[in-house]
$ cat entry16.cif   # mmCIF, C-alpha atoms and all ligand atoms
data_query
loop_
_atom_site.group_PDB
_atom_site.id
_atom_site.type_symbol
_atom_site.label_atom_id
_atom_site.label_comp_id
_atom_site.auth_asym_id
_atom_site.auth_seq_id
_atom_site.Cartn_x
_atom_site.Cartn_y
_atom_site.Cartn_z
ATOM 1 C CA MET A 101 28.490 13.162 16.664
ATOM 2 C CA GLU A 102 24.714 12.756 16.528
ATOM 3 C CA MET A 103 22.953 12.094 13.224
ATOM 4 C CA TRP A 104 19.324 13.124 12.711
ATOM 5 C CA TYR A 105 17.006 12.548 9.789
ATOM 6 C CA THR A 106 14.282 15.091 9.061
ATOM 7 C CA GLU A 107 11.463 14.803 6.541
ATOM 8 C CA LYS A 108 9.556 17.997 5.909
ATOM 9 C CA HIS A 109 5.830 17.285 5.739
ATOM 10 C CA SER A 110 5.074 20.854 4.710
ATOM 11 C CA GLU A 111 7.034 24.112 4.543
ATOM 12 C CA ASN A 112 6.762 24.489 8.306
ATOM 13 C CA VAL A 113 6.388 21.003 9.833
ATOM 14 C CA GLY A 114 8.325 17.750 9.739
ATOM 15 C CA ILE A 115 9.340 14.553 11.521
ATOM 16 C CA THR A 116 12.796 14.033 13.027
ATOM 17 C CA MET A 117 14.519 10.816 14.105
ATOM 18 C CA LYS A 118 17.927 9.891 15.441
ATOM 19 C CA VAL A 119 19.854 7.735 12.955
ATOM 20 C CA THR A 120 22.860 5.566 13.859
ATOM 21 C CA GLU A 121 23.945 4.253 10.467
ATOM 22 C CA THR A 122 23.337 4.479 6.720
ATOM 23 C CA LEU A 123 22.972 0.897 5.471
ATOM 24 C CA PHE A 124 22.479 1.730 1.789
ATOM 25 C CA SER A 125 22.378 4.878 -0.280
ATOM 26 C CA GLY A 126 22.103 4.867 -4.042
ATOM 27 C CA LYS A 127 20.259 6.130 -7.062
ATOM 28 C CA SER A 128 18.222 3.948 -9.413
ATOM 29 C CA GLU A 129 16.858 4.880 -12.798
ATOM 30 C CA PHE A 130 13.727 6.150 -11.029
ATOM 31 C CA GLN A 131 14.613 7.526 -7.602
ATOM 32 C CA GLN A 132 17.049 7.948 -4.711
ATOM 33 C CA LEU A 133 16.913 4.978 -2.302
ATOM 34 C CA ASP A 134 18.236 5.145 1.255
ATOM 35 C CA ILE A 135 17.980 2.570 4.020
ATOM 36 C CA VAL A 136 19.056 3.809 7.450
ATOM 37 C CA GLN A 137 19.126 2.436 10.976
ATOM 38 C CA THR A 138 17.082 4.507 13.429
ATOM 39 C CA LEU A 139 16.984 4.144 17.203
ATOM 40 C CA GLU A 140 13.215 4.331 17.666
ATOM 41 C CA TYR A 141 11.763 2.787 14.486
ATOM 42 C CA GLY A 142 14.354 0.155 13.473
ATOM 43 C CA LYS A 143 15.453 0.138 9.857
ATOM 44 C CA MET A 144 13.773 2.753 7.672
ATOM 45 C CA MET A 145 13.509 2.913 3.881
ATOM 46 C CA LEU A 146 13.323 6.292 2.129
ATOM 47 C CA LEU A 147 12.617 7.093 -1.511
ATOM 48 C CA ASP A 148 13.637 10.571 -2.637
ATOM 49 C CA GLY A 149 13.993 11.488 1.044
ATOM 50 C CA LEU A 150 10.459 10.434 2.045
ATOM 51 C CA VAL A 151 9.658 7.642 4.531
ATOM 52 C CA MET A 152 8.256 4.554 2.806
ATOM 53 C CA VAL A 153 8.470 1.987 5.597
ATOM 54 C CA THR A 154 10.008 1.473 9.010
ATOM 55 C CA GLU A 155 10.355 -1.871 10.749
ATOM 56 C CA ARG A 156 8.412 -0.645 13.768
ATOM 57 C CA ASP A 157 5.203 0.642 12.184
ATOM 58 C CA GLU A 158 5.009 -1.163 8.812
ATOM 59 C CA PHE A 159 2.604 -3.710 10.327
ATOM 60 C CA VAL A 160 -0.133 -1.091 10.407
ATOM 61 C CA TYR A 161 0.208 -0.131 6.740
ATOM 62 C CA HIS A 162 0.588 -3.685 5.445
ATOM 63 C CA ASP A 163 -2.239 -5.154 7.553
ATOM 64 C CA MET A 164 -4.507 -2.377 6.398
ATOM 65 C CA ILE A 165 -3.695 -2.339 2.710
ATOM 66 C CA ALA A 166 -4.213 -6.103 2.458
ATOM 67 C CA HIS A 167 -6.761 -7.575 4.886
ATOM 68 C CA PRO A 168 -9.854 -5.362 4.433
ATOM 69 C CA ALA A 169 -10.103 -6.320 0.734
ATOM 70 C CA LEU A 170 -9.081 -9.947 1.279
ATOM 71 C CA PHE A 171 -11.747 -10.391 3.982
ATOM 72 C CA THR A 172 -14.452 -8.517 2.042
ATOM 73 C CA HIS A 173 -14.014 -10.604 -1.107
ATOM 74 C CA PRO A 174 -15.488 -14.042 -0.231
ATOM 75 C CA ALA A 175 -12.798 -16.090 -2.019
ATOM 76 C CA PRO A 176 -9.805 -14.163 -3.412
ATOM 77 C CA LYS A 177 -7.488 -16.452 -5.387
ATOM 78 C CA ASN A 178 -5.483 -14.224 -7.711
ATOM 79 C CA VAL A 179 -4.044 -11.017 -6.266
ATOM 80 C CA LEU A 180 -1.866 -8.273 -7.800
ATOM 81 C CA VAL A 181 0.228 -5.702 -5.944
ATOM 82 C CA ILE A 182 1.379 -2.624 -7.869
ATOM 83 C CA GLY A 183 4.408 -1.001 -6.182
ATOM 84 C CA GLY A 184 5.174 -2.427 -2.744
ATOM 85 C CA GLY A 185 8.708 -3.577 -3.630
ATOM 86 C CA ASP A 186 9.559 -4.025 0.064
ATOM 87 C CA GLY A 187 7.338 -7.123 0.072
ATOM 88 C CA GLY A 188 5.221 -6.260 3.133
ATOM 89 C CA SER A 189 1.908 -6.416 1.259
ATOM 90 C CA ILE A 190 2.807 -9.759 -0.329
ATOM 91 C CA ARG A 191 3.726 -11.125 3.122
ATOM 92 C CA GLU A 192 0.216 -10.315 4.417
ATOM 93 C CA ILE A 193 -1.486 -11.704 1.278
ATOM 94 C CA MET A 194 0.401 -14.985 1.749
ATOM 95 C CA LYS A 195 -1.267 -15.439 5.155
ATOM 96 C CA HIS A 196 -4.498 -16.209 3.265
ATOM 97 C CA PRO A 197 -4.344 -19.915 2.363
ATOM 98 C CA GLY A 198 -7.043 -19.503 -0.315
ATOM 99 C CA VAL A 199 -4.843 -17.175 -2.365
ATOM 100 C CA GLU A 200 -3.321 -19.298 -5.120
ATOM 101 C CA GLN A 201 -1.152 -16.640 -6.707
ATOM 102 C CA ALA A 202 0.138 -13.191 -5.765
ATOM 103 C CA THR A 203 1.981 -11.069 -8.320
ATOM 104 C CA LEU A 204 4.181 -8.104 -7.418
ATOM 105 C CA CYS A 205 4.639 -5.475 -10.123
ATOM 106 C CA GLU A 206 7.233 -2.973 -8.881
ATOM 107 C CA ILE A 207 8.799 -0.430 -11.229
ATOM 108 C CA ASP A 208 12.159 -0.258 -9.433
ATOM 109 C CA GLY A 209 14.221 -3.462 -9.223
ATOM 110 C CA LEU A 210 16.636 -1.806 -6.785
ATOM 111 C CA VAL A 211 13.859 -1.498 -4.157
ATOM 112 C CA ILE A 212 13.184 -5.253 -4.386
ATOM 113 C CA GLU A 213 16.881 -6.167 -4.328
ATOM 114 C CA LYS A 214 17.777 -4.008 -1.318
ATOM 115 C CA SER A 215 14.620 -5.009 0.598
ATOM 116 C CA ILE A 216 15.524 -8.691 0.232
ATOM 117 C CA GLU A 217 19.032 -7.899 1.460
ATOM 118 C CA LEU A 218 18.287 -5.442 4.284
ATOM 119 C CA LEU A 219 14.580 -5.757 5.208
ATOM 120 C CA PRO A 220 14.021 -9.541 5.391
ATOM 121 C CA SER A 221 11.120 -9.270 7.870
ATOM 122 C CA MET A 222 9.120 -7.602 5.061
ATOM 123 C CA ALA A 223 10.674 -9.264 2.007
ATOM 124 C CA CYS A 224 10.410 -12.829 3.381
ATOM 125 C CA GLU A 225 7.913 -13.938 0.693
ATOM 126 C CA ILE A 226 9.502 -12.193 -2.319
ATOM 127 C CA ASP A 227 12.956 -13.761 -1.995
ATOM 128 C CA GLY A 228 12.161 -16.665 -4.292
ATOM 129 C CA SER A 229 11.182 -19.051 -1.483
ATOM 130 C CA ASN A 230 7.428 -19.057 -2.228
ATOM 131 C CA SER A 231 6.131 -20.597 -5.465
ATOM 132 C CA ARG A 232 2.769 -18.784 -5.042
ATOM 133 C CA VAL A 233 4.566 -15.431 -5.548
ATOM 134 C CA LYS A 234 5.569 -13.987 -8.936
ATOM 135 C CA LEU A 235 7.721 -10.867 -9.405
ATOM 136 C CA HIS A 236 7.659 -8.426 -12.316
ATOM 137 C CA VAL A 237 9.888 -5.376 -12.576
ATOM 138 C CA ASP A 238 7.665 -3.152 -14.660
ATOM 139 C CA ASP A 239 5.491 -0.038 -14.602
ATOM 140 C CA GLY A 240 2.135 -1.031 -13.082
ATOM 141 C CA LEU A 241 0.305 0.886 -15.800
ATOM 142 C CA ALA A 242 1.963 -1.101 -18.580
ATOM 143 C CA TYR A 243 1.504 -4.390 -16.755
ATOM 144 C CA ILE A 244 -2.252 -4.213 -16.214
ATOM 145 C CA ARG A 245 -2.865 -3.062 -19.769
ATOM 146 C CA ASP A 246 -1.818 -6.609 -20.796
ATOM 147 C CA HIS A 247 -3.636 -8.412 -17.960
ATOM 148 C CA GLN A 248 -7.333 -7.704 -18.279
ATOM 149 C CA ASN A 249 -10.075 -9.663 -16.411
ATOM 150 C CA GLU A 250 -7.578 -11.652 -14.281
ATOM 151 C CA PHE A 251 -7.535 -10.538 -10.665
ATOM 152 C CA ASP A 252 -9.858 -10.838 -7.670
ATOM 153 C CA VAL A 253 -8.000 -8.136 -5.743
ATOM 154 C CA ILE A 254 -5.516 -5.447 -6.827
ATOM 155 C CA LEU A 255 -3.568 -3.486 -4.191
ATOM 156 C CA VAL A 256 -1.970 -0.218 -5.285
ATOM 157 C CA ASP A 257 0.901 0.082 -2.806
ATOM 158 C CA SER A 258 2.440 3.107 -4.461
ATOM 159 C CA THR A 259 4.492 6.154 -3.625
ATOM 160 C CA ASP A 260 2.893 9.586 -3.335
ATOM 161 C CA PRO A 261 1.684 11.162 -6.612
ATOM 162 C CA ILE A 262 5.091 12.427 -7.701
ATOM 163 C CA GLY A 263 7.606 10.851 -10.105
ATOM 164 C CA PRO A 264 6.736 7.374 -11.431
ATOM 165 C CA ALA A 265 3.527 7.138 -9.371
ATOM 166 C CA VAL A 266 1.733 10.198 -10.841
ATOM 167 C CA GLY A 267 -0.188 8.047 -13.328
ATOM 168 C CA LEU A 268 -1.383 5.702 -10.574
ATOM 169 C CA PHE A 269 -3.750 8.401 -9.265
ATOM 170 C CA GLU A 270 -5.450 9.149 -12.596
ATOM 171 C CA GLU A 271 -8.780 8.066 -14.054
ATOM 172 C CA ASP A 272 -7.223 6.281 -17.060
ATOM 173 C CA PHE A 273 -5.296 4.030 -14.678
ATOM 174 C CA TYR A 274 -8.424 3.238 -12.636
ATOM 175 C CA ARG A 275 -10.182 2.217 -15.879
ATOM 176 C CA LEU A 276 -7.359 -0.218 -16.579
ATOM 177 C CA VAL A 277 -7.580 -1.538 -13.007
ATOM 178 C CA HIS A 278 -11.342 -1.966 -13.407
ATOM 179 C CA GLY A 279 -10.697 -3.992 -16.559
ATOM 180 C CA ALA A 280 -7.929 -6.059 -14.934
ATOM 181 C CA LEU A 281 -10.317 -7.117 -12.150
ATOM 182 C CA LYS A 282 -12.828 -9.925 -12.537
ATOM 183 C CA GLU A 283 -16.520 -8.983 -12.427
ATOM 184 C CA ASP A 284 -16.594 -9.021 -8.604
ATOM 185 C CA GLY A 285 -13.082 -7.658 -8.051
ATOM 186 C CA ILE A 286 -11.834 -5.143 -5.472
ATOM 187 C CA MET A 287 -9.067 -2.547 -5.622
ATOM 188 C CA VAL A 288 -7.426 -0.913 -2.606
ATOM 189 C CA ALA A 289 -4.974 1.972 -2.996
ATOM 190 C CA GLN A 290 -3.083 3.989 -0.410
ATOM 191 C CA SER A 291 -4.759 7.406 -0.491
ATOM 192 C CA GLU A 292 -2.570 9.831 1.477
ATOM 193 C CA SER A 293 -3.297 11.804 4.641
ATOM 194 C CA PRO A 294 -6.806 13.212 5.168
ATOM 195 C CA PHE A 295 -5.200 15.860 7.382
ATOM 196 C CA TYR A 296 -2.655 17.245 4.878
ATOM 197 C CA HIS A 297 -3.727 16.053 1.423
ATOM 198 C CA ALA A 298 -7.361 17.110 0.959
ATOM 199 C CA ASP A 299 -6.681 18.255 -2.603
ATOM 200 C CA ILE A 300 -5.089 14.956 -3.666
ATOM 201 C CA GLN A 301 -7.921 13.013 -2.035
ATOM 202 C CA LYS A 302 -10.624 15.073 -3.705
ATOM 203 C CA ALA A 303 -9.162 14.442 -7.166
ATOM 204 C CA MET A 304 -8.382 10.776 -6.503
ATOM 205 C CA TYR A 305 -11.806 9.827 -5.128
ATOM 206 C CA GLY A 306 -13.508 11.796 -7.886
ATOM 207 C CA ASN A 307 -11.554 9.767 -10.449
ATOM 208 C CA LEU A 308 -12.407 6.501 -8.692
ATOM 209 C CA ARG A 309 -16.133 7.325 -8.560
ATOM 210 C CA ASN A 310 -16.147 7.873 -12.313
ATOM 211 C CA VAL A 311 -15.065 4.246 -12.697
ATOM 212 C CA PHE A 312 -16.279 2.095 -9.754
ATOM 213 C CA PRO A 313 -19.845 1.770 -8.354
ATOM 214 C CA ILE A 314 -18.595 1.355 -4.755
ATOM 215 C CA VAL A 315 -15.905 3.733 -3.427
ATOM 216 C CA GLU A 316 -15.194 4.119 0.299
ATOM 217 C CA MET A 317 -12.325 5.605 2.316
ATOM 218 C CA TYR A 318 -10.886 3.965 5.440
ATOM 219 C CA GLN A 319 -8.202 5.081 7.846
ATOM 220 C CA ALA A 320 -5.258 3.771 9.851
ATOM 221 C CA PHE A 321 -2.759 5.190 12.326
ATOM 222 C CA ILE A 322 0.766 5.280 10.841
ATOM 223 C CA PRO A 323 3.103 7.323 13.067
ATOM 224 C CA THR A 324 5.905 7.877 10.525
ATOM 225 C CA TYR A 325 3.644 9.181 7.717
ATOM 226 C CA PRO A 326 2.657 12.870 7.561
ATOM 227 C CA SER A 327 0.212 13.688 10.425
ATOM 228 C CA GLY A 328 0.087 10.019 11.501
ATOM 229 C CA LEU A 329 -3.413 9.673 10.076
ATOM 230 C CA TRP A 330 -3.332 7.745 6.806
ATOM 231 C CA SER A 331 -6.038 6.512 4.469
ATOM 232 C CA PHE A 332 -6.856 3.872 1.873
ATOM 233 C CA ALA A 333 -9.358 3.899 -0.977
ATOM 234 C CA PHE A 334 -11.580 0.830 -1.316
ATOM 235 C CA ALA A 335 -13.053 0.595 -4.833
ATOM 236 C CA SER A 336 -15.222 -2.352 -5.703
ATOM 237 C CA LYS A 337 -17.422 -3.737 -8.475
ATOM 238 C CA LYS A 338 -19.779 -5.737 -6.260
ATOM 239 C CA TYR A 339 -18.900 -6.215 -2.573
ATOM 240 C CA HIS A 340 -19.366 -3.416 -0.049
ATOM 241 C CA PRO A 341 -16.658 -3.400 2.661
ATOM 242 C CA VAL A 342 -19.140 -2.953 5.528
ATOM 243 C CA ASN A 343 -22.474 -4.333 4.278
ATOM 244 C CA ASP A 344 -21.014 -7.461 2.645
ATOM 245 C CA PHE A 345 -18.336 -8.106 5.288
ATOM 246 C CA ASP A 346 -18.436 -11.514 6.980
ATOM 247 C CA GLN A 347 -17.210 -10.650 10.476
ATOM 248 C CA GLN A 348 -17.121 -14.302 11.496
ATOM 249 C CA ARG A 349 -14.755 -15.259 8.687
ATOM 250 C CA ALA A 350 -12.352 -12.490 9.711
ATOM 251 C CA ALA A 351 -12.638 -13.463 13.395
ATOM 252 C CA ASN A 352 -11.756 -17.069 12.506
ATOM 253 C CA ARG A 353 -8.803 -16.068 10.302
ATOM 254 C CA GLY A 354 -6.375 -18.439 12.039
ATOM 255 C CA PHE A 355 -3.335 -16.145 11.796
ATOM 256 C CA HIS A 356 -2.090 -13.252 13.883
ATOM 257 C CA THR A 357 -2.497 -9.623 12.828
ATOM 258 C CA ARG A 358 -1.120 -6.913 15.127
ATOM 259 C CA TYR A 359 -3.363 -4.117 13.829
ATOM 260 C CA TYR A 360 -6.235 -5.557 11.780
ATOM 261 C CA ASN A 361 -9.096 -7.428 13.436
ATOM 262 C CA GLU A 362 -12.745 -8.117 12.678
ATOM 263 C CA GLN A 363 -13.992 -5.135 14.732
ATOM 264 C CA LEU A 364 -11.400 -2.680 13.477
ATOM 265 C CA HIS A 365 -12.372 -3.636 9.900
ATOM 266 C CA LEU A 366 -15.740 -1.950 10.507
ATOM 267 C CA GLY A 367 -14.386 0.902 12.637
ATOM 268 C CA ALA A 368 -11.794 1.898 10.027
ATOM 269 C CA PHE A 369 -14.568 2.904 7.596
ATOM 270 C CA MET A 370 -16.141 5.302 10.154
ATOM 271 C CA LEU A 371 -14.552 8.633 9.273
ATOM 272 C CA PRO A 372 -14.098 11.902 11.138
ATOM 273 C CA THR A 373 -16.149 14.673 9.546
ATOM 274 C CA PHE A 374 -13.188 16.567 8.051
ATOM 275 C CA ALA A 375 -12.048 13.404 6.237
ATOM 276 C CA ARG A 376 -15.544 12.727 4.953
ATOM 277 C CA GLU A 377 -15.708 16.303 3.681
ATOM 278 C CA ASN A 378 -12.462 15.868 1.668
ATOM 279 C CA ILE A 379 -14.203 13.378 -0.579
ATOM 280 C CA ALA A 380 -17.811 14.629 -0.380
HETATM 281 N N1 LIG A 401 4.898 -0.871 1.295
HETATM 282 C C1 LIG A 401 4.989 0.500 1.569
HETATM 283 C C2 LIG A 401 5.958 1.146 0.647
HETATM 284 C C3 LIG A 401 5.616 1.982 -0.350
HETATM 285 S S1 LIG A 401 6.773 2.211 -1.578
HETATM 286 C C4 LIG A 401 5.860 2.275 -3.057
HETATM 287 C C5 LIG A 401 6.582 1.629 -4.240
HETATM 288 O O1 LIG A 401 5.840 1.940 -5.430
HETATM 289 C C6 LIG A 401 8.009 2.099 -4.502
HETATM 290 O O2 LIG A 401 8.902 1.022 -4.346
HETATM 291 C C7 LIG A 401 7.987 2.610 -5.954
HETATM 292 O O3 LIG A 401 9.162 2.285 -6.681
HETATM 293 C C8 LIG A 401 6.761 1.896 -6.498
HETATM 294 N N2 LIG A 401 6.140 2.537 -7.678
HETATM 295 C C9 LIG A 401 5.982 3.867 -7.910
HETATM 296 N N3 LIG A 401 5.397 4.063 -9.101
HETATM 297 C C10 LIG A 401 5.175 2.836 -9.653
HETATM 298 C C11 LIG A 401 4.608 2.385 -10.879
HETATM 299 N N4 LIG A 401 4.173 3.249 -11.797
HETATM 300 N N5 LIG A 401 4.535 1.039 -11.099
HETATM 301 C C12 LIG A 401 4.989 0.162 -10.177
HETATM 302 N N6 LIG A 401 5.545 0.535 -9.005
HETATM 303 C C13 LIG A 401 5.640 1.855 -8.734
HETATM 304 C C14 LIG A 401 4.394 2.841 -0.296
HETATM 305 C C15 LIG A 401 4.720 4.056 0.487
HETATM 306 C C16 LIG A 401 3.566 5.020 0.681
HETATM 307 C C17 LIG A 401 4.125 6.327 1.157
HETATM 308 C C18 LIG A 401 3.119 7.205 1.733
HETATM 309 N N7 LIG A 401 3.672 8.456 2.198
#
$ encode --input "entry16.cif" --output "structure tokens"
Amino acid sequence: MEMWYTEKHSENVGITMKVTETLFSGKSEFQQLDIVQTLEYGKMMLLDGLVMVTERDEFVYHDMIAHPALFTHPAPKNVLVIGGGDGGSIREIMKHPGVEQATLCEIDGLVIEKSIELLPSMACEIDGSNSRVKLHVDDGLAYIRDHQNEFDVILVDSTDPIGPAVGLFEEDFYRLVHGALKEDGIMVAQSESPFYHADIQKAMYGNLRNVFPIVEMYQAFIPTYPSGLWSFAFASKKYHPVNDFDQQRAANRGFHTRYYNEQLHLGAFMLPTFARENIA
């Protein structure tokens, strides 16, 4: 018998993959978590039936949520990730030797636990082996309220704006993030698909512009997310991701990245017209 997984991206369109095995299926206090084995994309983690990560294409998302901010800021030392319980963002942050501490604040302890058990290629730095990494199981909103003026970079590696992540797309949250950053801090947040989510983007970027002086969108190709075209919001107090970017420092990074590089950093901020219009 063949097993197929389908995620509907809209009423009339979806993505379908052949699945060989369910590795975990369970409900936490916050959401339904499933980890399945697929033939084409390796292991895949779903929350409430939506694809969060797959082993095959997670490198794109995690390179692109982490490195643009970490190579724009001249010397990031203290970094916070909100969400991201699979550990992929923390793994990329740990490639930067100048980062002294990275904190993960994930609302759902079950995501962390099952990622350590079943997705070790992503969770390799959140399993207790790295003393530069701290874990908090808490709502990101509550956590940053108590941690003002602390971070050089904050990455919002959150689910889509449904359930526990709704508040992470609102202006009040961005004000707290602004306060939690030092005076030259940078925030990056995943910002949905320019192709399908124009309405979410319009509201989100409007909220960000009410709070941060520099707000730019950049894009990446993520085949298992709706439309394959994904985006990130770069919100900054001081450094501009293109004008203040030191291409040489990124070129001399001294570690391998399969998606990010010093040329793509610049290219990612060059948007197709329809994407630019979403946030005009
Ligand atoms: N690294 C890519 C994976 C994710 S999952 C996002 C995580 O955010 C989930 O584990 C979820 O439990 C967590 N989360 C949601 N709301 C909060 C909150 N308020 N505080 C802390 N953590 C939270 C990103 C997938 C992007 C999907 C795009 N389609």
$ residues_around --input "entry16.cif" --residues "Leu281 of chain A" --least-positions-apart "3" --cutoff "8 Å" --atoms "only C-alpha atoms" --output "PyMOL selection string"
chain A and resi 248-254+277-278+284-286
$ residues_around --input "entry16.cif" --residues "Ala333 of chain A" --least-positions-apart "6" --cutoff "8 Å" --atoms "all atoms listed in the file" --output "JSON, numbers by chain"
{"A": [287, 288, 289, 290, 291, 305, 315, 316, 317, 318]}
$ write_last_selection --input "entry16.cif" --atoms "C-alpha atoms" --output "mmCIF file, in the coordinates of the input"
data_model
loop_
_atom_site.group_PDB
_atom_site.id
_atom_site.type_symbol
_atom_site.label_atom_id
_atom_site.label_comp_id
_atom_site.auth_asym_id
_atom_site.auth_seq_id
_atom_site.Cartn_x
_atom_site.Cartn_y
_atom_site.Cartn_z
ATOM 1 C CA MET A 287 -9.067 -2.547 -5.622
ATOM 2 C CA VAL A 288 -7.426 -0.913 -2.606
ATOM 3 C CA ALA A 289 -4.974 1.972 -2.996
ATOM 4 C CA GLN A 290 -3.083 3.989 -0.410
ATOM 5 C CA SER A 291 -4.759 7.406 -0.491
ATOM 6 C CA TYR A 305 -11.806 9.827 -5.128
ATOM 7 C CA VAL A 315 -15.905 3.733 -3.427
ATOM 8 C CA GLU A 316 -15.194 4.119 0.299
ATOM 9 C CA MET A 317 -12.325 5.605 2.316
ATOM 10 C CA TYR A 318 -10.886 3.965 5.440
#
$ closest_atom_pairs --input "entry16.cif" --of "chain A" --to "ligand LIG 401 (chain A)" --cutoff "6 Å" --atoms "all atoms listed in the file" --output "CSV"
residue,atom,partner,partner_atom,distance
A:Met152,CA,A:LIG401,C15,4.3
A:Val153,CA,A:LIG401,C1,5.5
A:Ile182,CA,A:LIG401,C12,5.1
A:Gly183,CA,A:LIG401,O1,3.4
A:Gly184,CA,A:LIG401,N1,4.3
A:Gly185,CA,A:LIG401,O2,4.7
A:Asp186,CA,A:LIG401,N1,5.8
A:Gly188,CA,A:LIG401,N1,5.7
A:Cys205,CA,A:LIG401,C12,5.6
A:Glu206,CA,A:LIG401,N6,3.9
A:Ile207,CA,A:LIG401,C12,4.0
A:Asp208,CA,A:LIG401,O3,4.8
A:Val211,CA,A:LIG401,O2,5.6
A:Asp239,CA,A:LIG401,N5,3.8
A:Gly240,CA,A:LIG401,N5,3.7
A:Asp257,CA,A:LIG401,C14,5.1
A:Ser258,CA,A:LIG401,O1,3.7
A:Thr259,CA,A:LIG401,C4,4.2
A:Asp260,CA,A:LIG401,C18,5.6
A:Pro264,CA,A:LIG401,N3,4.3
A:Ala265,CA,A:LIG401,N3,3.6
A:Tyr325,CA,A:LIG401,N7,5.6
$ write_last_selection --input "entry16.cif" --atoms "C-alpha atoms" --output "mmCIF file, keeping the file's coordinate frame"
data_model
loop_
_atom_site.group_PDB
_atom_site.id
_atom_site.type_symbol
_atom_site.label_atom_id
_atom_site.label_comp_id
_atom_site.auth_asym_id
_atom_site.auth_seq_id
_atom_site.Cartn_x
_atom_site.Cartn_y
_atom_site.Cartn_z
ATOM 1 C CA MET A 152 8.256 4.554 2.806
ATOM 2 C CA VAL A 153 8.470 1.987 5.597
ATOM 3 C CA ILE A 182 1.379 -2.624 -7.869
ATOM 4 C CA GLY A 183 4.408 -1.001 -6.182
ATOM 5 C CA GLY A 184 5.174 -2.427 -2.744
ATOM 6 C CA GLY A 185 8.708 -3.577 -3.630
ATOM 7 C CA ASP A 186 9.559 -4.025 0.064
ATOM 8 C CA GLY A 188 5.221 -6.260 3.133
ATOM 9 C CA CYS A 205 4.639 -5.475 -10.123
ATOM 10 C CA GLU A 206 7.233 -2.973 -8.881
ATOM 11 C CA ILE A 207 8.799 -0.430 -11.229
ATOM 12 C CA ASP A 208 12.159 -0.258 -9.433
ATOM 13 C CA VAL A 211 13.859 -1.498 -4.157
ATOM 14 C CA ASP A 239 5.491 -0.038 -14.602
ATOM 15 C CA GLY A 240 2.135 -1.031 -13.082
ATOM 16 C CA ASP A 257 0.901 0.082 -2.806
ATOM 17 C CA SER A 258 2.440 3.107 -4.461
ATOM 18 C CA THR A 259 4.492 6.154 -3.625
ATOM 19 C CA ASP A 260 2.893 9.586 -3.335
ATOM 20 C CA PRO A 264 6.736 7.374 -11.431
ATOM 21 C CA ALA A 265 3.527 7.138 -9.371
ATOM 22 C CA TYR A 325 3.644 9.181 7.717
#
$ resolve_selection --input "entry16.cif" --expression "the PyMOL selection byres (((chain A and resi 124-138) around 9) and not hetatm)" --output "ChimeraX atom specification"
/A:104-105,117-123,139-149,154,207-211,214-215,218,263-264
$ atom_distance --input "entry16.cif" --atom1 "atom CA of Arg191 of chain A" --atom2 "atom CA of Ser221 of chain A"
9.0 Å
$ axis_aligned_box --input "entry16.cif" --around "segment 112-124 of chain A" --padding-each-side "8 Å" --output "AutoDock Vina command-line options"
--center_x 15.2 --center_y 12.7 --center_z 8.6 --size_x 33.6 --size_y 39.6 --size_z 29.7
$ atom_distance --input "entry16.cif" --atom1 "atom CA of Pro176 of chain A" --atom2 "atom CA of Gln319 of chain A"
22.4 Å
$ residues_around --input "entry16.cif" --residues "Leu170 of chain A" --least-positions-apart "3" --cutoff "10 Å" --atoms "only C-alpha atoms" --output "number ranges by chain"
A: 165-167, 173-177, 179, 192-193, 196, 198-199, 252-254, 286, 288, 350
$ closest_residue --input "entry16.cif" --among "A:His236, A:Pro168, A:Val151, A:Arg309" --to "Gly367 of chain A" --atoms "all atoms listed in the file"
A:Pro168
$ resolve_selection --input "entry16.cif" --expression "the PyMOL selection byres (((chain A and resi 323) around 10) and not hetatm)" --output "list in words"
Ile115, Tyr141, Thr154, Arg156, Asp157, Glu158, Val160, Ala320, Phe321, Ile322, Thr324, Tyr325, Pro326, Ser327, Gly328, Leu329 and Trp330 of chain A
$ closest_residue --input "entry16.cif" --among "A:Ser331, A:Asn378, A:Asn307, A:Asn112" --to "Tyr161 of chain A" --atoms "all atoms listed in the file"
A:Ser331
$ closest_residue --input "entry16.cif" --among "A:Glu200, A:Asp272, A:Asp227, A:Asp299" --to "Leu180 of chain A" --atoms "all atoms listed in the file"
A:Glu200
$ atom_distance --input "entry16.cif" --atom1 "atom CA of Val311 of chain A" --atom2 "atom CA of Lys234 of chain A"
27.8 Å
$ residues_near_point --input "entry16.cif" --point "(11.5, -15.3, -4.1)" --cutoff "12 Å" --atoms "all atoms listed in the file" --output "ChimeraX atom specification"
/A:187,190-191,202-204,212-213,215-217,220,223-236
$ closest_residue --input "entry16.cif" --among "A:Glu111, A:Val181, A:Pro341, A:Ala298" --to "Tyr243 of chain A" --atoms "only C-alpha atoms"
A:Val181
